[in-house]
>>> print(open('work07.txt').read())   # compact mmCIF, C-alpha atoms and all ligand atoms
# COMPACT_ATOMS: atom_id res chain seq x y z
CA MET A 1 -145.55 101.02 83.06
CA SER A 2 -145.12 101.15 79.31
CA VAL A 3 -144.84 98.08 77.14
CA PHE A 4 -141.34 99.19 76.25
CA ARG A 5 -140.27 99.23 79.90
CA ILE A 6 -141.74 95.80 80.47
CA PHE A 7 -139.82 94.59 77.44
CA LEU A 8 -136.63 96.12 78.80
CA ILE A 9 -137.05 94.50 82.20
CA SER A 10 -137.89 91.09 80.81
CA SER A 11 -134.88 91.32 78.47
CA LEU A 12 -132.70 92.08 81.47
CA VAL A 13 -134.08 89.10 83.40
CA PHE A 14 -133.50 86.89 80.39
CA PHE A 15 -129.95 88.19 80.01
CA VAL A 16 -129.10 87.65 83.69
CA SER A 17 -130.51 84.13 83.80
CA GLY A 18 -128.65 83.27 80.59
CA THR A 19 -125.47 84.58 82.19
CA LEU A 20 -125.98 82.35 85.21
CA GLN A 21 -126.35 79.28 83.07
CA ALA A 22 -123.22 80.18 81.13
CA ALA A 23 -121.09 80.49 84.27
CA PRO A 24 -118.59 77.63 84.48
CA VAL A 25 -119.70 76.01 87.71
CA SER A 26 -119.08 72.38 88.46
CA ALA A 27 -121.75 69.97 89.60
CA THR A 28 -120.44 70.30 93.13
CA ALA A 29 -120.79 74.07 93.33
CA LYS A 30 -124.15 74.94 91.89
CA ASP A 31 -124.70 77.70 94.43
CA LYS A 32 -121.96 79.97 93.15
CA GLY A 33 -124.54 82.75 92.95
CA PRO A 34 -125.07 85.61 90.55
CA PRO A 35 -122.19 87.75 89.32
CA SER A 36 -121.46 90.49 91.82
CA PHE A 37 -118.72 92.97 92.62
CA ASP A 38 -117.91 91.36 95.97
CA PRO A 39 -114.66 89.42 95.98
CA PRO A 40 -115.48 85.78 95.24
CA LEU A 41 -115.64 83.39 98.19
CA THR A 42 -115.65 80.13 96.27
CA PHE A 43 -113.21 78.83 93.70
CA ASN A 44 -113.57 75.79 91.43
CA TRP A 45 -110.70 77.05 89.30
CA VAL A 46 -109.02 80.39 88.74
CA ARG A 47 -108.81 82.39 85.56
CA VAL A 48 -105.09 83.07 85.19
CA ASP A 49 -102.78 84.38 82.52
CA GLY A 50 -100.27 81.54 82.38
CA PRO A 51 -99.98 77.76 82.73
CA TYR A 52 -100.50 77.70 86.49
CA ILE A 53 -102.34 74.91 88.28
CA ALA A 54 -102.87 73.77 91.86
CA LEU A 55 -102.65 70.13 92.92
CA THR A 56 -104.67 69.48 96.07
CA PHE A 57 -104.60 66.42 98.30
CA ASP A 58 -107.42 65.73 100.75
CA ASP A 59 -108.11 63.63 103.84
CA GLY A 60 -104.54 63.19 105.10
CA PRO A 61 -102.06 63.26 106.47
CA SER A 62 -101.38 59.56 106.07
CA ALA A 63 -98.44 58.21 108.07
CA LYS A 64 -97.17 56.10 105.17
CA LEU A 65 -98.32 57.87 102.02
CA THR A 66 -98.00 61.59 102.72
CA PRO A 67 -94.23 61.46 103.38
CA ARG A 68 -93.80 59.55 100.09
CA LEU A 69 -95.75 62.24 98.29
CA LEU A 70 -93.74 65.00 99.97
CA ASP A 71 -90.51 63.33 98.79
CA LEU A 72 -91.81 63.30 95.23
CA LEU A 73 -93.08 66.88 95.28
CA GLY A 74 -89.78 68.02 96.79
CA ALA A 75 -87.78 66.27 94.07
CA HIS A 76 -89.79 68.20 91.45
CA HIS A 77 -89.74 71.50 93.38
CA ILE A 78 -93.52 71.46 93.26
CA LYS A 79 -95.78 73.20 95.76
CA ALA A 80 -99.15 71.63 96.50
CA THR A 81 -102.05 72.18 98.89
CA PHE A 82 -103.14 69.69 101.53
CA PHE A 83 -106.71 69.82 102.86
CA VAL A 84 -106.15 67.94 106.07
CA ILE A 85 -108.52 66.27 108.51
CA GLY A 86 -108.03 67.58 112.03
CA GLN A 87 -108.06 64.13 113.64
CA ASN A 88 -105.21 63.07 111.39
CA VAL A 89 -103.29 66.28 112.10
CA ALA A 90 -103.55 65.56 115.83
CA GLU A 91 -102.18 62.07 115.17
CA HIS A 92 -99.33 63.14 112.85
CA PRO A 93 -98.56 66.81 113.46
CA GLU A 94 -94.96 66.27 112.36
CA ILE A 95 -96.05 65.40 108.82
CA VAL A 96 -98.17 68.54 108.56
CA ALA A 97 -95.30 70.56 109.99
CA ARG A 98 -92.97 69.12 107.37
CA ALA A 99 -95.39 69.90 104.54
CA ALA A 100 -95.74 73.50 105.69
CA ARG A 101 -91.98 73.85 106.16
CA GLU A 102 -91.41 72.64 102.61
CA GLY A 103 -93.67 75.36 101.23
CA HIS A 104 -96.94 73.51 100.79
CA GLU A 105 -100.21 75.09 101.83
CA ILE A 106 -102.36 73.53 104.53
CA GLY A 107 -106.14 73.95 104.36
CA ASN A 108 -108.94 72.97 106.72
CA HIS A 109 -110.96 69.90 105.68
CA SER A 110 -112.88 69.55 109.00
CA TRP A 111 -112.09 67.47 112.07
CA SER A 112 -113.93 64.23 111.25
CA HIS A 113 -115.10 64.57 107.62
CA PRO A 114 -118.84 65.05 108.17
CA ASN A 115 -121.40 66.43 105.72
CA PHE A 116 -121.63 70.17 106.54
CA GLY A 117 -124.76 70.60 104.43
CA LYS A 118 -126.71 68.54 106.97
CA MET A 119 -125.27 70.02 110.18
CA SER A 120 -126.06 72.82 112.61
CA ASP A 121 -123.89 75.92 112.53
CA GLU A 122 -122.59 75.10 115.98
CA ALA A 123 -121.47 71.61 114.95
CA VAL A 124 -119.76 72.95 111.82
CA ARG A 125 -118.08 75.66 113.89
CA ARG A 126 -116.67 73.05 116.30
CA GLU A 127 -115.29 70.96 113.40
CA LEU A 128 -113.59 73.97 111.88
CA LYS A 129 -112.26 75.45 115.11
CA LYS A 130 -110.67 72.21 116.37
CA THR A 131 -108.97 71.69 113.02
CA ASP A 132 -107.87 75.30 112.77
CA ASP A 133 -106.28 74.94 116.23
CA ALA A 134 -104.60 71.63 115.32
CA ILE A 135 -103.11 73.12 112.14
CA ARG A 136 -101.90 76.20 113.98
CA SER A 137 -100.29 74.14 116.69
CA ALA A 138 -98.56 71.89 114.11
CA THR A 139 -97.37 74.62 111.74
CA GLY A 140 -97.49 77.91 113.67
CA ASN A 141 -99.93 79.35 111.14
CA ARG A 142 -103.67 79.44 110.74
CA PRO A 143 -105.12 78.12 107.47
CA VAL A 144 -106.91 80.52 105.14
CA LEU A 145 -108.72 77.94 103.01
CA ILE A 146 -111.41 75.37 103.60
CA ARG A 147 -112.58 72.53 101.46
CA PRO A 148 -115.86 71.15 102.78
CA PRO A 149 -115.96 67.33 102.90
CA TYR A 150 -117.77 65.94 99.83
CA GLY A 151 -117.94 69.53 98.55
CA SER A 152 -121.11 69.78 100.63
CA ILE A 153 -121.80 73.29 101.88
CA THR A 154 -124.68 75.74 101.59
CA ALA A 155 -124.39 79.31 100.31
CA ARG A 156 -125.32 80.53 103.78
CA GLN A 157 -122.60 78.42 105.42
CA LYS A 158 -120.01 79.75 102.98
CA LYS A 159 -120.89 83.28 104.00
CA TRP A 160 -120.71 82.85 107.77
CA ILE A 161 -117.63 80.62 107.60
CA ASN A 162 -115.90 83.32 105.56
CA ASP A 163 -117.07 86.01 108.01
CA GLU A 164 -115.96 84.10 111.12
CA PHE A 165 -112.84 82.27 109.96
CA GLY A 166 -111.78 84.36 106.96
CA TYR A 167 -111.60 81.18 104.88
CA LYS A 168 -112.03 81.04 101.14
CA ILE A 169 -114.04 78.01 100.02
CA ILE A 170 -112.10 75.79 97.63
CA MET A 171 -113.77 73.27 95.35
CA TRP A 172 -112.14 71.80 92.23
CA ASP A 173 -112.57 71.45 88.48
CA VAL A 174 -110.55 68.26 87.93
CA ASP A 175 -111.72 65.14 89.76
CA PRO A 176 -110.11 61.78 88.90
CA LEU A 177 -112.44 59.96 91.34
CA ASP A 178 -109.31 58.43 92.84
CA TRP A 179 -111.22 57.49 96.01
CA LYS A 180 -112.88 54.74 93.97
CA ARG A 181 -109.38 53.34 93.49
CA PRO A 182 -109.54 52.90 89.70
CA GLY A 183 -105.80 52.25 89.49
CA PRO A 184 -102.86 54.61 89.00
CA VAL A 185 -103.01 54.67 85.20
CA THR A 186 -106.64 55.79 85.20
CA VAL A 187 -106.03 58.39 87.90
CA CYS A 188 -103.11 59.77 85.90
CA ASN A 189 -105.00 59.82 82.59
CA ARG A 190 -108.04 61.54 84.06
CA ILE A 191 -105.94 64.28 85.63
CA VAL A 192 -103.72 64.87 82.60
CA ARG A 193 -106.66 64.90 80.19
CA ASN A 194 -108.77 67.39 82.16
CA THR A 195 -106.26 69.82 83.62
CA ARG A 196 -106.26 73.32 82.10
CA ALA A 197 -104.55 76.58 83.04
CA GLY A 198 -106.03 77.66 86.36
CA SER A 199 -107.24 74.18 87.32
CA ILE A 200 -107.64 73.05 90.88
CA VAL A 201 -107.00 69.29 90.82
CA LEU A 202 -108.63 67.15 93.51
CA SER A 203 -107.12 63.90 94.77
CA HIS A 204 -106.46 62.13 98.07
CA ASP A 205 -103.14 61.29 99.72
CA ILE A 206 -104.68 58.37 101.61
CA HIS A 207 -104.98 55.99 98.63
CA PRO A 208 -101.85 54.12 97.51
CA GLY A 209 -102.97 54.19 93.86
CA THR A 210 -103.11 57.99 93.95
CA ILE A 211 -99.56 58.24 95.20
CA ASP A 212 -98.46 55.63 92.62
CA ALA A 213 -100.12 57.76 89.94
CA MET A 214 -98.25 60.92 90.85
CA PRO A 215 -94.81 60.35 89.27
CA SER A 216 -96.25 59.95 85.77
CA THR A 217 -99.02 62.51 86.38
CA ILE A 218 -96.50 65.14 87.39
CA ALA A 219 -94.11 64.22 84.56
CA GLN A 220 -96.89 64.53 81.97
CA LEU A 221 -98.22 67.80 83.38
CA GLU A 222 -94.69 69.19 83.40
CA ALA A 223 -94.22 68.06 79.79
CA LYS A 224 -97.36 70.04 78.90
CA GLY A 225 -95.72 73.11 80.42
CA PHE A 226 -97.83 73.45 83.57
CA LYS A 227 -96.41 75.22 86.61
CA PHE A 228 -97.51 74.08 90.05
CA VAL A 229 -98.51 76.58 92.73
CA THR A 230 -100.50 76.50 95.95
CA VAL A 231 -104.18 77.37 95.87
CA SER A 232 -103.59 80.72 97.58
CA GLU A 233 -100.87 81.54 95.04
CA LEU A 234 -103.22 80.60 92.20
CA ILE A 235 -105.97 82.84 93.63
CA SER A 236 -103.49 85.70 93.98
CA MET A 237 -102.90 85.44 90.20
CA ALA A 238 -106.61 85.69 89.35
CA LEU A 239 -107.35 88.03 86.47
CA PRO A 240 -110.08 90.59 87.15
CA GLU A 241 -113.57 89.53 86.15
CA THR A 242 -114.47 90.94 82.77
CA PRO A 243 -117.56 93.16 82.81
CA LYS A 244 -119.11 91.20 79.93
CA PRO A 245 -119.84 87.71 81.32
CA ALA A 246 -120.00 86.25 77.79
CA ALA A 247 -116.30 87.03 77.33
CA ARG A 248 -115.47 84.38 79.93
CA GLY A 249 -116.40 81.57 77.59
CA GLU A 250 -115.63 83.17 74.25
CA ALA A 251 -112.44 85.13 74.79
CA ALA A 252 -110.70 82.45 76.80
CA PRO A 253 -111.64 79.07 75.38
CA SER A 254 -108.72 77.41 77.14
CA ASN A 255 -110.36 78.35 80.44
CA SER A 256 -113.86 77.17 79.66
CA ARG A 257 -114.81 74.25 81.80
CA PRO A 258 -116.96 71.26 81.07
CA PRO A 259 -119.04 70.31 84.10
CA GLN A 260 -117.34 67.68 86.25
CA GLY A 261 -118.97 65.05 88.44
ZN ZN A 301 -112.37 64.59 101.95
>>> encode(input="work07.txt", output="structure tokens", more="lines below")
Ligand SMILES: [Zn+2]
Amino acid sequence: MSVFRIFLISSLVFFVSGTLQAAPVSATAKDKGPPSFDPPLTFNWVRVDGPYIALTFDDGPSAKLTPRLLDLLGAHHIKATFFVIGQNVAEHPEIVARAAREGHEIGNHSWSHPNFGKMSDEAVRRELKKTDDAIRSATGNRPVLIRPPYGSITARQKKWINDEFGYKIIMWDVDPLDWKRPGPVTVCNRIVRNTRAGSIVLSHDIHPGTIDAMPSTIAQLEAKGFKFVTVSELISMALPETPKPAARGEAAPSNSRPPQG
């Protein structure tokens, strides 16, 4: 092998590893993998041509809080996505049915909120299947999205879960840490400050402060011109990946993402 060929190969390796570091992955999705021509399985955000964002609410439904949130979303004609826990769906199927009827998307967030990254495939499969069944029996439709509890999932799990269930794996790029209950003003400010076109905003409809934060959060996001869609709608708007990975950061600065915790 000539020196020139060795130089070429090492340049290529350097280029590819530089590309990986430049990819806008969040701290919760380090295993996004190298660029490939397969359709992406995992989304932290979506590169879109327009002010579209997806609000997502995890861990419900909550008997008291989710209906309040649905009233608010309905008043604003906003569609959101609920990553529900199967146990809670079994307890309150009518709330999940209402959300689906009103145009919101329902995603699988496991049956009992365990840490998938530390579980056997069989145990993960049971969690997903029971929840998939509960959602289907409440709404008449199977979910097409999963958000793993704590964002904990291995690259291998993503692959087989997508193969078996057809789910896309949905993370987030805006995290107000509302589960720490910092108060509605803080939740609102964190969301409004960090949301960009294509953002997937994480929060939880089981904390009163989160629901209290939503009227001003939604009003401020609307004032900034954002349009609210479900996660599947946002993904359907995804622009094709550009062949030059560097263009992702440089050509679309509004879509570049600081890492989030
Ligand atoms: Zn959760």
>>> residues_near_ligand(input="work07.txt", ligand="ligand ZN 301 (chain A)", cutoff="7 Å", atoms="only C-alpha atoms and all ligand atoms", output="PDB file with C-alpha atoms, in the frame of the given file")
ATOM      1  CA  ASP A  58    -107.420  65.730 100.750  1.00  0.00           C
ATOM      2  CA  ASP A  59    -108.110  63.630 103.840  1.00  0.00           C
ATOM      3  CA  HIS A 109    -110.960  69.900 105.680  1.00  0.00           C
ATOM      4  CA  HIS A 113    -115.100  64.570 107.620  1.00  0.00           C
ATOM      5  CA  PRO A 149    -115.960  67.330 102.900  1.00  0.00           C
ATOM      6  CA  TYR A 150    -117.770  65.940  99.830  1.00  0.00           C
TER       7      TYR A 150
END
>>> atom_distance(input="work07.txt", atom1="atom CA of Ile200 of chain A", atom2="atom CA of Trp45 of chain A")
5.3 Å
>>> residues_around(input="work07.txt", residues="segment 73-75 of chain A", least_positions_apart="2", cutoff="10 Å", atoms="only C-alpha atoms", output="list in words")
Pro67, Arg68, Leu69, Leu70, Asp71, His77, Ile78, Lys79, Ala80, Ala99, Glu102, Gly103, His104, Met214, Pro215, Ile218 and Phe228 of chain A
>>> closest_residue(input="work07.txt", among="A:Arg156, A:Arg47, A:His204, A:His76", to="Leu221 of chain A", atoms="all atoms listed in the file")
A:His76
>>> atom_distance(input="work07.txt", atom1="atom CA of Thr42 of chain A", atom2="atom CA of Arg98 of chain A")
27.5 Å
>>> atom_distance(input="work07.txt", atom1="atom CA of Val185 of chain A", atom2="atom CA of Asp173 of chain A")
19.6 Å
>>> closest_residue(input="work07.txt", among="A:Leu234, A:Lys224, A:Ile95, A:Glu164", to="Lys64 of chain A", atoms="all atoms listed in the file")
A:Ile95
>>> closest_residue(input="work07.txt", among="A:Ala223, A:Val144, A:Met237, A:Trp179", to="Asp163 of chain A", atoms="only C-alpha atoms")
A:Val144
>>> closest_residue(input="work07.txt", among="A:Lys168, A:Lys227, A:Arg142, A:Lys180", to="Ala197 of chain A", atoms="only C-alpha atoms")
A:Lys227
>>> axis_aligned_box(input="work07.txt", around="segment 192-205 of chain A", padding_each_side="8 Å", output="lines of an AutoDock Vina configuration file")
center_x = -106.0
center_y = 69.5
center_z = 90.0
size_x = 21.6
size_y = 32.4
size_z = 35.5
>>> closest_residue(input="work07.txt", among="A:Val192, A:Ala90, A:Ile85, A:Ala97", to="Ser110 of chain A", atoms="only C-alpha atoms")
A:Ile85
>>> residues_around(input="work07.txt", residues="Ile106 of chain A", least_positions_apart="5", cutoff="7 Å", atoms="all atoms listed in the file", output="PyMOL selection string")
chain A and resi 81-84+100+143
>>> residues_around(input="work07.txt", residues="Leu65 of chain A", least_positions_apart="4", cutoff="7 Å", atoms="only C-alpha atoms", output="list in words")
Leu69, Asp205, Ile206, Pro208 and Ile211 of chain A
>>> closest_residue(input="work07.txt", among="A:Arg125, A:His207, A:Lys159, A:Arg147", to="Pro182 of chain A", atoms="all atoms listed in the file")
A:His207
>>> residues_around(input="work07.txt", residues="Asn115 of chain A", least_positions_apart="4", cutoff="9 Å", atoms="all atoms listed in the file", output="CSV table (one decimal) with C-alpha atoms, in the frame of the given file")
chain,number,residue,atom,x,y,z
A,119,MET,CA,-125.3,70.0,110.2
A,148,PRO,CA,-115.9,71.2,102.8
A,149,PRO,CA,-116.0,67.3,102.9
A,150,TYR,CA,-117.8,65.9,99.8
A,151,GLY,CA,-117.9,69.5,98.6
A,152,SER,CA,-121.1,69.8,100.6
A,153,ILE,CA,-121.8,73.3,101.9
